[in-house]
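Each remark here refers to the structure printed beneath this line.
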Amino acid sequence: MSDLTNVVPGTETTRRHFLKVTGGGLVVLLIAPRLAREHVIARAEAAEPLDDDPDPSQVSAWLAIDADGAVTVYTGKVEVGQGIRTSLAQEVAEELRVPLASIEMVMGDTAHTPFDLGTFGSRSTPQMGTQLRRAAATAREMLVAAAATRWRVPASSLTAGAGRVTHRASGRSAGYGELTAGNTLTGQVRLDVTLTPAAEWKVAGSAAPRVAARDLVTGTHRFTSDITRPGMLYGRVLRPASIGATLSGVDVSAARAVPQAVVVRDGDFVGVAAPSTGDADRALASVRATWTAAPGARVSSRDVYERLRSAPAAGARGGEEGGRGNSPFVKGDAAGALAGAPLRATHTYTVAYIAHVPLEPRAAVAEWSRDAKGEQLTVWTGTQRPFAVREELSRAFDLPVERVRVIVPDTGSAYGGKHTGECAVEAARIARAARRPVKLVWTREEEFRWAYFRPAGVIDVDAGATRDGTIVAWMFDNYNSGPAGIRPPYAIANQRVEFHAADAPLREGSYRGLAATANHFARESQVDELAHLAGMDPLAFRLRNIDDPRLAAVLQAAAERFRWGTPGTSGNGVGLACGFEKGGYVATCAEVAVERDGAEVRIVRAVTAFDCGAVVNPDGLRNQIAGALIQGIGGALFEEIDFADGVIGNAHLRQYRVPRFTDVPDIDVVLVDRKDQPSFGAGETPIMALAPAVGSAIFEITGSRPRSLPMARNGLPLARSAEGGD
């Protein structure tokens with residue numbers, strides 16, 4: 001049982017649903033039976049899923065209350081270090097009126113949780129948080145109704161709190177567990193149920209200690225790479241010599257000679273497994289393989305931007321979020337307004353490929369079993385999309401999805417890099433041949449070479465303004481990096497904004513903030529250019545062109561905390577940037593030092609103000625924002641993938657620099673808590689404004705504006721133009 005971190009003993013209910021509707025009214029019944037604890041443990045250790053899929057319209061799909069009043073919450077979202085296990089539990093505790101400590105979260109288990117698209121896009125708080133709040137509020141009303149029936153009193157005379165229903169007049173009280181007797185709460189989740197206003201929150205809206213914090217800091221918390229199974233072997237996979245290469249010949253005889261080693265050959269796939277990682281490494285090293293390089297033109301990191309601009313992909317247009325195949329966004333006459341603009345800036349910005357570098361590399365444990373219905377596969381893996389990985393496994397092995405179970409233990413970070421299930425499929429391939437459970441953990445080098453990257457991009461911006469600082473024209477073309485956050489948040493009368501998909505040379509995918517970081521870097525740098533041409537302070541210039549009061553508020557909050565306009569440390573530069581994405585408003589001010597004749601760029605301090613509506617957990621939100629800023633340092637200053645001839649050239653941490661403790665500036669976070677607004681996510685948006693703020697600070701020091709991310713991998717070119725610009 002210790003290996004199944006997503007199964008909570010004694011809290012799993014059967015997925016039986018009974019609904020009776022009479023005269024347009026809903027009759028909610030509490031029905032039996034509940035699985036005995038011993039039966040649940042036995043089924044879990046056998047990796048056996050429940051027979052019935054959860055029905056998301058039912059309260060019982062989302063939560064259960066046992067006879068002792070303990071609450072189990074089911075969600076397909078996963079915990080990858082962002083703290084969502086804690087904040088979702090807070091939201092349930094708030095609506096259900098129970099202590100936070102009484103809640104256990106079952107997350108990312110395809111056998112026990114309702115279907116979920118995945119944990120990405122900062123959707124957990126606005127979507128899953130709202131869904132769980134509705135389920136909890138509906139359950140609370142059901143419990144009140146049950147008590148009213150038992151005591152033959154009006155429901156309006158009862159209150160729910162601290163896990164109990166109380167009759168105010170008589171003082172009678174019953175715990176939730178007494179009312180359910182451990183039976184399943186059966187009834188539909190009410191979409192119109194009244195939710196508690198944020199101004200009245202008591203559990204949500206307050207700082208709460210992170211769930212399992214003690215285990216995390218003591219090292220006893222178990223992640224995917226810690227999972228073990230009886231009789232388990234350790235797997236390794238043969239990788240090609242270069243991207244796209246095919247296997248032309250292989251000799252595995254020496255690998256088979258390694259004691260107790262299993263060798264798997266399936267087309268171009270070659271994997272090994274052995275009782276120890278050392279034996280698995282020796283078996284893999286014994287494989288002799290020859291490869292045929294992929295045909296076609298070779299692209300390197302030196303000429304990638306030319307490739308992206310000149311090699312469009314099918315369905316290459318789009319001006320909206322996710323807009324592949326959409327038309328560009330057009331408003332007014334951008335070309336005409338540009339022609340008549342007194343001030344005009346035309347520049348190109350580039351963004352390099354970067355790696356996710358998760359703390360925990362991809363990992364999976366695969367176990368096959370057989371019953372009267374045939375083969376069954378269970379995989380424990382770190383992924384942001386457990387149900388999508390279940391589909392991948394189903395297709396790979398031609399199994400019905402109900403015969404595949406994916407369990408996601410808490411995972412050591414992802415940053416958008418764990419959407420796919422290749423590690424799970426690889427582990428399952430080896431395990432099927434070995435007829436024993438197999439654990440496969442990618443090495444750090446495999447992560448660099450074979451995971452997908454944040455897309456590189458080229459962005460052309462042509463913008464015009466009047467001499468009084470009004471932006472009158474905006475033309476923005478993004479090649480390849482993506483459409484997220486591509487629309488400007490400024491009040492610009494004439495715009496043409498377009499995303500152009502490209503035939504990219506490397507494997508690409510989601511990264512924290514998607515393309516919003518690239519688009520904000522280009523946009524905010526260009527806005528600073530216009531402010532410079534107009535001779536205006538960058539803060540005043542932005543405020544002149546903003547008509548969204550929430551965006552103006554975060555910009556002013558950051559500037560006030562930063563003390564914008566007062567002299568900074570002698571010789572340092574300051575910059576600011578702002579933006580909006582995924583329901584969140586962000587503004588960052590940065591102070592930067594350029595030292596040793598431009599050989600070193602150091603961020604001295606950063607202030608970020610953030611508004612994502614009503615704040616669920618202030619401490620968790622501050623951690624998210626600070627984490628985004630720290631991660632953003634790498635992409636802003638020095639992270640970049642080198643590649644040529646299909647080979648990643650810096651596939652080790654000694655070659656690929658990520659932010660270190662010495663890179664972390666003094667960070668100050670300002671939370672703009674809008675209790676009058678819905679809560680939105682915070683995992684992505686806070687990263688967007690750091691790079692352009694740092695770029696503006698560099699410009700203030702050097703007079704040369706960086707237009708490529710990273711800005712200072714090998715120091716800065718400090719040549720100052722005659723005009724003090726480029």
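Residue numbers start at 1 in each chain; chains themselves are named A, B, ... in the order of the structure tokens; ligands are numbered from 1 in the order shown.
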Strand (DSSP E) residues, from DSSP on the backbone, in region 326-394 of chain A, as a VMD selection string: chain A and resid 329 to 331 343 to 351 363 to 371 374 to 381
Shell around Tyr74 (chain A) at 10 Å using only C-alpha atoms, local window under 4 positions removed, as a list of chain:residue names: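 Residues near the query, excluding close chain neighbours: A:Asn6, A:Glu12, A:Pro54, A:Ser60, A:Ala61, A:Trp62, A:Leu63, A:Ala64, A:Glu104, A:Met105, A:Val106, A:Met107, A:Gly108, A:Asp109, A:His112, A:Thr113, A:Pro114, A:Leu132.
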Residues of region 322-420 of chain A that have any atom at most 12 Å from an atom of region 85-91 of chain A: could you tabulate them with the shortest-distance atom pair and the distance in Å to one decimal, using only C-alpha atoms, ordered by chain and increasing number, as JSON lines?
{"residue": "A:Pro409", "atom": "CA", "partner": "A:Arg85", "partner_atom": "CA", "distance": 11.7}
{"residue": "A:Asp410", "atom": "CA", "partner": "A:Arg85", "partner_atom": "CA", "distance": 9.4}
{"residue": "A:Thr411", "atom": "CA", "partner": "A:Arg85", "partner_atom": "CA", "distance": 11.8}
Distance criterion (only C-alpha atoms): nearest to Ser481 (chain A) out of A:Pro259, A:Pro692, A:Gly457, A:Gly182: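 Checking each candidate against Ser481 (chain A), we get A:Gly457 as the closest.
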Nearby residues (only C-alpha atoms) at most 9 Å from Pro505 (chain A), same-chain spacing under 3 positions excluded, as a PyMOL selection string: chain A and resi 298-300+304+307-308+508+646
Distance query Ala473 (chain A) at most 6 Å, only C-alpha atoms, self and fewer than 3 positions along chain excluded, as a list in words: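 Close residues of Ala473 (chain A): Ala334, Ala337, Leu338, Ala463, Gly464, Asn494 and Gln495 of chain A.
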Polymer residues at most 10 Å from Pro488 (chain A), only C-alpha atoms, same-chain spacing of 6 or more positions, as a ChimeraX atom specification: /A:474,476,495,497,519-520,523-524,579-580
Quick one: contact table of region 149-236 of chain A to region 359-376 of chain A, 9 Å max, nearest atom pair and distance in Å to one decimal per residue, counting only C-alpha atoms, chain and number order, as a Markdown table?
| residue | atom | partner | partner_atom | distance |
| --- | --- | --- | --- | --- |
| A:Phe223 | CA | A:Glu360 | CA | 8.5 |
| A:Thr224 | CA | A:Ala363 | CA | 6.2 |
| A:Ser225 | CA | A:Ala363 | CA | 5.7 |
| A:Ile227 | CA | A:Val365 | CA | 7.1 |
| A:Thr228 | CA | A:Val365 | CA | 7.7 |
| A:Arg229 | CA | A:Val365 | CA | 8.2 |
| A:Met232 | CA | A:Val365 | CA | 8.7 |
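Counting from CA of Thr608 (chain A), the distance to CA of Ser696 (chain A) is 15.4 Å.
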Region 565-572 of chain A surroundings by only C-alpha atoms, 10 Å radius, close-in-sequence under 6 positions cut, as a PyMOL selection string: chain A and resi 537+539+559+591-595+602-604+697-698+700-701
For the residues in that selection, give me C-alpha atoms as a short mmCIF file (atom, residue, chain, number, x, y, z; two decimals), in the first residue's frame.
data_model
loop_
_atom_site.label_atom_id
_atom_site.label_comp_id
_atom_site.auth_asym_id
_atom_site.auth_seq_id
_atom_site.Cartn_x
_atom_site.Cartn_y
_atom_site.Cartn_z
CA ASP A 537 9.06 57.95 -18.56
CA LEU A 539 5.67 54.16 -16.48
CA ALA A 559 6.11 50.96 -9.15
CA GLU A 591 17.07 46.72 -10.89
CA VAL A 592 20.06 45.35 -12.82
CA ALA A 593 23.82 45.65 -12.48
CA VAL A 594 26.16 45.20 -15.46
CA GLU A 595 29.65 44.36 -14.27
CA ARG A 602 23.09 40.54 -12.34
CA ILE A 603 19.50 41.21 -11.30
CA VAL A 604 19.78 43.04 -7.98
CA ALA A 697 17.27 48.12 -17.26
CA ILE A 698 20.15 46.94 -19.45
CA GLU A 700 19.31 52.29 -19.31
CA ILE A 701 22.86 51.29 -18.37
#
Region 191-208 of chain A surroundings by only C-alpha atoms, 6 Å radius, close-in-sequence under 2 positions cut, as a ChimeraX atom specification: /A:90-91,94,615-619,675
Using only C-alpha atoms: which of A:Pro706, A:Pro209, A:Pro483, A:Gly231 has the shortest distance to Ser327 (chain A):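 Comparing A:Pro706, A:Pro209, A:Pro483, A:Gly231 against Ser327 (chain A), the winner is A:Pro483.
Going from CA of Gly76 (chain A) to CA of Gly620 (chain A) covers 20.3 Å.
One finds CA of Pro538 (chain A) at 20.2 Å from CA of Met711 (chain A).
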Those in region 581-651 of chain A with helix (DSSP H, G or I) from DSSP, as a list in words: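 Put together, the selection reads Pro618, Asp619, Gly620, Leu621, Arg622, Asn623, Gln624, Ile625, Ala626, Gly627, Ala628, Leu629, Ile630, Gln631, Gly632, Ile633, Gly634, Gly635, Ala636 and Leu637 of chain A.
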Nearest to Tyr415 (chain A), chosen from A:Thr110, A:Gln631, A:Thr470, A:Thr381, with only C-alpha atoms counted in the distances: A:Gln631
Nearest to Pro358 (chain A) by atom-to-atom distance, counting only C-alpha atoms, from A:Leu377, A:Ala651, A:Val80, A:Ile633: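 Comparing A:Leu377, A:Ala651, A:Val80, A:Ile633 against Pro358 (chain A), the winner is A:Val80.
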